[in-house]
Structures are given as C-alpha cells and as structure tokens.
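Novice: Pasting in a structure now, in structure tokens, and then I'll have a few things to ask.
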Amino acid sequence: EVDSLSDADFEADSIEGSDLLEVDCDILIPSAIGGVITSDNAEDIAAKLIVEAANLPVTFEADEILRDRDVSIVPDILANAGGVIVSYLEWSQNHQRTQFEEEHVNQKLEAILKDSWDAVSRLADEHDLPLRDAAYQVAVSRVAKATDLRGF
C-alpha cells in the first residue's frame, strides 16, 4: 500500500525554467528544448559538463563561450542517438523478417554507442577538437565512406 503524499511532504523552492540552467551543479542535461543555452546565458552556466539530450540545446555562439570557459559538451549527435539506433535495429529486424531478443538489441546498441564515442573522443583528443566538431567530422566521414562503398 502506498501512502498518499501531499505538497507538505516535500520542501523545495520553485524556480523559473531559465534559472534552472544556471543552478550550481557538476553536470547539466538540457533534455527538452533546443536553443535554451545561448550567448545570453552561457556565462552564467555553472556546470563543467553539459550533455545535450535535446536536439541542439546549446547554440553555436554559446558553444564557443562555453568552450572558452573549459565547459565540456557531449553533443546531441552522441548523447541522444540511442533512439535512432534502436529504430534502425527495428527496421533491420523487420526487413529480415526476424525478431531480435531484447538482449541482442541492447548489446548492439551498446556496441554502436561505444564505437561512436571512442571514435569521437579519439579524434577530439588527437586534434584538440571540441567533441561536437569531432562528432560531425566522424559522421561526415562515415557518410562519405558509405557513399563511396555504394559506388556513388
């Protein structure tokens, strides 16, 4: 049996959504709306690591400001790729008229994400690039290779 809870059971301060981005924290994960971290508020971001779970929540201007402040950003192309990957695996199983076990899907997802993270972080380290720039370079390189392999 679950006891019912009321607002009186919790003590919390209410803050505006924009102020939430500036809370003193180690990791900030903007996950709902794009373009919420801008040149107007980038100086006030306290986190040292931002994980973009939304699509492009950090504008390019803010990215430069944060980079100058040594704030690391895990770009959306890596951070929220899981859904796209699993959609591909679903398409793949349907195309093959088979059914993957959940464990298989999870193993493939982990392998693809790990491979992508390794490639991006290695390129970033080797060429002293921000993770976003390295992720785009890896992505474009993979598309170019796939296009070449298909004979285009």
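Chain labels follow the order of the structure tokens: the first chain is A, the next B, and so on; residue numbering restarts at 1 in every chain, and ligands are counted from 1 in their shown order.
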Need the shell around Ile65 (chain A): protein/DNA/RNA residues with any atom at most 8 Å away, counting only C-alpha atoms. Skip same-chain ones fewer than 6 positions apart. Format as a ChimeraX atom specification?
Specialist: /A:39,42-43
Novice: If we count only C-alpha atoms and set the cut-off at 12 Å, which residues sit around Ala119 (chain A), ignoring sequence neighbours fewer than 2 positions away in its own chain? Please answer as a PyMOL selection string.
Specialist: chain A and resi 78+112-117+121-126+131+134-139+141-142
Novice: Could the residues in this selection be written to a file with N, CA, C and O atoms, as a compact mmCIF listing (two decimals), in the first residue's frame?
Specialist:
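Saved file part.txt follows:
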# COMPACT_ATOMS: atom_id res chain seq x y z
N LEU A 78 25.66 12.44 -30.25
CA LEU A 78 26.06 11.26 -29.47
C LEU A 78 25.10 10.98 -28.33
O LEU A 78 24.69 9.85 -28.11
N ILE A 112 27.44 -0.04 -30.70
CA ILE A 112 27.43 1.09 -31.63
C ILE A 112 27.75 2.39 -30.90
O ILE A 112 28.56 3.21 -31.37
N LEU A 113 27.12 2.60 -29.75
CA LEU A 113 27.38 3.83 -28.98
C LEU A 113 28.82 3.89 -28.50
O LEU A 113 29.47 4.94 -28.57
N LYS A 114 29.35 2.77 -28.03
CA LYS A 114 30.74 2.74 -27.56
C LYS A 114 31.70 3.01 -28.71
O LYS A 114 32.64 3.80 -28.58
N ASP A 115 31.46 2.38 -29.86
CA ASP A 115 32.31 2.61 -31.02
C ASP A 115 32.27 4.08 -31.44
O ASP A 115 33.31 4.67 -31.74
N SER A 116 31.09 4.66 -31.45
CA SER A 116 30.96 6.06 -31.83
C SER A 116 31.64 6.98 -30.82
O SER A 116 32.36 7.91 -31.21
N TRP A 117 31.44 6.71 -29.53
CA TRP A 117 32.09 7.53 -28.51
C TRP A 117 33.61 7.42 -28.62
O TRP A 117 34.32 8.42 -28.56
N SER A 121 35.84 10.68 -29.33
CA SER A 121 36.76 11.14 -28.28
C SER A 121 38.22 11.01 -28.74
O SER A 121 39.05 11.86 -28.44
N ARG A 122 38.53 9.96 -29.51
CA ARG A 122 39.90 9.79 -30.02
C ARG A 122 40.25 10.92 -30.98
O ARG A 122 41.31 11.54 -30.87
N LEU A 123 39.35 11.24 -31.91
CA LEU A 123 39.59 12.33 -32.85
C LEU A 123 39.71 13.66 -32.12
O LEU A 123 40.59 14.48 -32.44
N ALA A 124 38.85 13.88 -31.14
CA ALA A 124 38.91 15.12 -30.36
C ALA A 124 40.25 15.24 -29.64
O ALA A 124 40.87 16.32 -29.66
N ASP A 125 40.71 14.16 -29.04
CA ASP A 125 41.99 14.19 -28.33
C ASP A 125 43.17 14.38 -29.29
O ASP A 125 44.07 15.18 -29.02
N GLU A 126 43.16 13.65 -30.40
CA GLU A 126 44.28 13.71 -31.35
C GLU A 126 44.44 15.08 -32.00
O GLU A 126 45.54 15.50 -32.30
N LEU A 131 34.21 18.14 -28.71
CA LEU A 131 33.51 16.90 -29.03
C LEU A 131 32.51 17.09 -30.17
O LEU A 131 32.33 16.22 -31.01
N ALA A 134 34.38 17.09 -33.48
CA ALA A 134 34.85 15.72 -33.75
C ALA A 134 33.68 14.82 -34.16
O ALA A 134 33.81 14.01 -35.08
N ALA A 135 32.53 14.96 -33.50
CA ALA A 135 31.37 14.14 -33.83
C ALA A 135 30.91 14.41 -35.26
O ALA A 135 30.59 13.48 -36.00
N TYR A 136 30.89 15.67 -35.66
CA TYR A 136 30.49 16.00 -37.03
C TYR A 136 31.49 15.44 -38.03
O TYR A 136 31.10 14.92 -39.09
N GLN A 137 32.78 15.53 -37.71
CA GLN A 137 33.79 15.01 -38.63
C GLN A 137 33.67 13.49 -38.78
O GLN A 137 33.76 12.97 -39.89
N VAL A 138 33.44 12.80 -37.68
CA VAL A 138 33.27 11.35 -37.74
C VAL A 138 32.01 11.03 -38.55
O VAL A 138 32.03 10.13 -39.42
N ALA A 139 30.93 11.73 -38.32
CA ALA A 139 29.67 11.47 -39.02
C ALA A 139 29.83 11.69 -40.53
O ALA A 139 29.43 10.84 -41.34
N SER A 141 32.55 11.71 -42.27
CA SER A 141 33.47 10.70 -42.78
C SER A 141 32.77 9.37 -43.02
O SER A 141 32.99 8.70 -44.04
N ARG A 142 31.91 8.97 -42.08
CA ARG A 142 31.18 7.70 -42.23
C ARG A 142 30.19 7.76 -43.39
O ARG A 142 30.04 6.79 -44.13
Novice: So the first atom is CA of Asp19 (chain A) and the second is CA of Ile33 (chain A); what is the distance between them in Å, to one decimal place?
Specialist: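 Here the two named atoms are 14.6 Å from each other.
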Novice: DSSP on the backbone, then: every residue of region 29-142 of chain A marked alpha helix (DSSP H), written as a PyMOL selection string.
Specialist: chain A and resi 60-68+76-79+82-95+102-127+131-142
Novice: Emit the selected residues as a PDB file, in the first residue's frame, including C-alpha atoms.
Specialist:
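See part-v2.pdb below for the written result:
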ATOM      1  CA  PHE A  60      26.786  27.627 -31.716  1.00  0.00           C
ATOM      2  CA  GLU A  61      27.503  31.035 -30.170  1.00  0.00           C
ATOM      3  CA  ALA A  62      27.033  29.612 -26.671  1.00  0.00           C
ATOM      4  CA  ASP A  63      29.213  26.627 -27.586  1.00  0.00           C
ATOM      5  CA  GLU A  64      32.128  28.978 -28.266  1.00  0.00           C
ATOM      6  CA  ILE A  65      31.619  30.821 -24.983  1.00  0.00           C
ATOM      7  CA  LEU A  66      31.405  27.570 -23.019  1.00  0.00           C
ATOM      8  CA  ARG A  67      34.463  26.169 -24.798  1.00  0.00           C
ATOM      9  CA  ASP A  68      36.448  29.255 -23.771  1.00  0.00           C
ATOM     10  CA  ASP A  76      23.353  15.696 -29.129  1.00  0.00           C
ATOM     11  CA  ILE A  77      24.531  13.617 -32.067  1.00  0.00           C
ATOM     12  CA  LEU A  78      26.063  11.257 -29.471  1.00  0.00           C
ATOM     13  CA  ALA A  79      24.007  11.838 -26.357  1.00  0.00           C
ATOM     14  CA  GLY A  82      20.046   5.674 -28.818  1.00  0.00           C
ATOM     15  CA  GLY A  83      16.519   6.083 -30.147  1.00  0.00           C
ATOM     16  CA  VAL A  84      17.702   6.431 -33.734  1.00  0.00           C
ATOM     17  CA  ILE A  85      19.945   3.379 -33.389  1.00  0.00           C
ATOM     18  CA  VAL A  86      17.178   1.226 -31.937  1.00  0.00           C
ATOM     19  CA  SER A  87      14.824   2.431 -34.695  1.00  0.00           C
ATOM     20  CA  TYR A  88      17.402   1.231 -37.220  1.00  0.00           C
ATOM     21  CA  LEU A  89      17.640  -2.137 -35.449  1.00  0.00           C
ATOM     22  CA  GLU A  90      13.837  -2.390 -35.538  1.00  0.00           C
ATOM     23  CA  TRP A  91      13.836  -1.601 -39.258  1.00  0.00           C
ATOM     24  CA  SER A  92      16.599  -4.157 -39.770  1.00  0.00           C
ATOM     25  CA  GLN A  93      14.717  -6.947 -37.999  1.00  0.00           C
ATOM     26  CA  ASN A  94      11.552  -6.135 -39.938  1.00  0.00           C
ATOM     27  CA  HIS A  95      13.463  -6.117 -43.216  1.00  0.00           C
ATOM     28  CA  GLU A 102      15.979  -7.560 -26.134  1.00  0.00           C
ATOM     29  CA  GLU A 103      19.461  -8.621 -25.016  1.00  0.00           C
ATOM     30  CA  HIS A 104      20.640  -8.611 -28.648  1.00  0.00           C
ATOM     31  CA  VAL A 105      19.250  -5.107 -29.206  1.00  0.00           C
ATOM     32  CA  ASN A 106      20.877  -3.830 -26.004  1.00  0.00           C
ATOM     33  CA  GLN A 107      24.234  -5.389 -26.930  1.00  0.00           C
ATOM     34  CA  LYS A 108      24.140  -3.904 -30.443  1.00  0.00           C
ATOM     35  CA  LEU A 109      23.096  -0.515 -29.079  1.00  0.00           C
ATOM     36  CA  GLU A 110      25.920  -0.518 -26.543  1.00  0.00           C
ATOM     37  CA  ALA A 111      28.475  -1.606 -29.151  1.00  0.00           C
ATOM     38  CA  ILE A 112      27.432   1.092 -31.632  1.00  0.00           C
ATOM     39  CA  LEU A 113      27.383   3.829 -28.982  1.00  0.00           C
ATOM     40  CA  LYS A 114      30.740   2.740 -27.562  1.00  0.00           C
ATOM     41  CA  ASP A 115      32.306   2.606 -31.025  1.00  0.00           C
ATOM     42  CA  SER A 116      30.956   6.063 -31.831  1.00  0.00           C
ATOM     43  CA  TRP A 117      32.091   7.526 -28.505  1.00  0.00           C
ATOM     44  CA  ASP A 118      35.561   6.004 -28.926  1.00  0.00           C
ATOM     45  CA  ALA A 119      35.913   7.379 -32.465  1.00  0.00           C
ATOM     46  CA  VAL A 120      34.732  10.856 -31.489  1.00  0.00           C
ATOM     47  CA  SER A 121      36.762  11.145 -28.285  1.00  0.00           C
ATOM     48  CA  ARG A 122      39.897   9.786 -30.017  1.00  0.00           C
ATOM     49  CA  LEU A 123      39.592  12.330 -32.852  1.00  0.00           C
ATOM     50  CA  ALA A 124      38.908  15.121 -30.358  1.00  0.00           C
ATOM     51  CA  ASP A 125      41.995  14.191 -28.330  1.00  0.00           C
ATOM     52  CA  GLU A 126      44.277  13.710 -31.348  1.00  0.00           C
ATOM     53  CA  HIS A 127      43.366  17.044 -32.941  1.00  0.00           C
ATOM     54  CA  LEU A 131      33.507  16.905 -29.034  1.00  0.00           C
ATOM     55  CA  ARG A 132      30.857  18.489 -31.282  1.00  0.00           C
ATOM     56  CA  ASP A 133      33.362  19.207 -34.053  1.00  0.00           C
ATOM     57  CA  ALA A 134      34.847  15.724 -33.749  1.00  0.00           C
ATOM     58  CA  ALA A 135      31.367  14.139 -33.829  1.00  0.00           C
ATOM     59  CA  TYR A 136      30.486  15.999 -37.032  1.00  0.00           C
ATOM     60  CA  GLN A 137      33.788  15.006 -38.628  1.00  0.00           C
ATOM     61  CA  VAL A 138      33.265  11.349 -37.743  1.00  0.00           C
ATOM     62  CA  ALA A 139      29.674  11.471 -39.025  1.00  0.00           C
ATOM     63  CA  VAL A 140      30.576  13.116 -42.332  1.00  0.00           C
ATOM     64  CA  SER A 141      33.473  10.700 -42.782  1.00  0.00           C
ATOM     65  CA  ARG A 142      31.177   7.703 -42.227  1.00  0.00           C
TER      66      ARG A 142
END
Novice: Report, in Å with one decimal, the straight-line distance from CA of Ala54 (chain A) to CA of Thr147 (chain A).
Specialist: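 Interatomic distance, CA of Ala54 (chain A) to CA of Thr147 (chain A): 28.3 Å.
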Novice: Quick one: distance from CA of Leu56 (chain A) to CA of Leu28 (chain A) in Å, one decimal?
Specialist: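 Straight-line distance from CA of Leu56 (chain A) to CA of Leu28 (chain A) works out to 13.7 Å.
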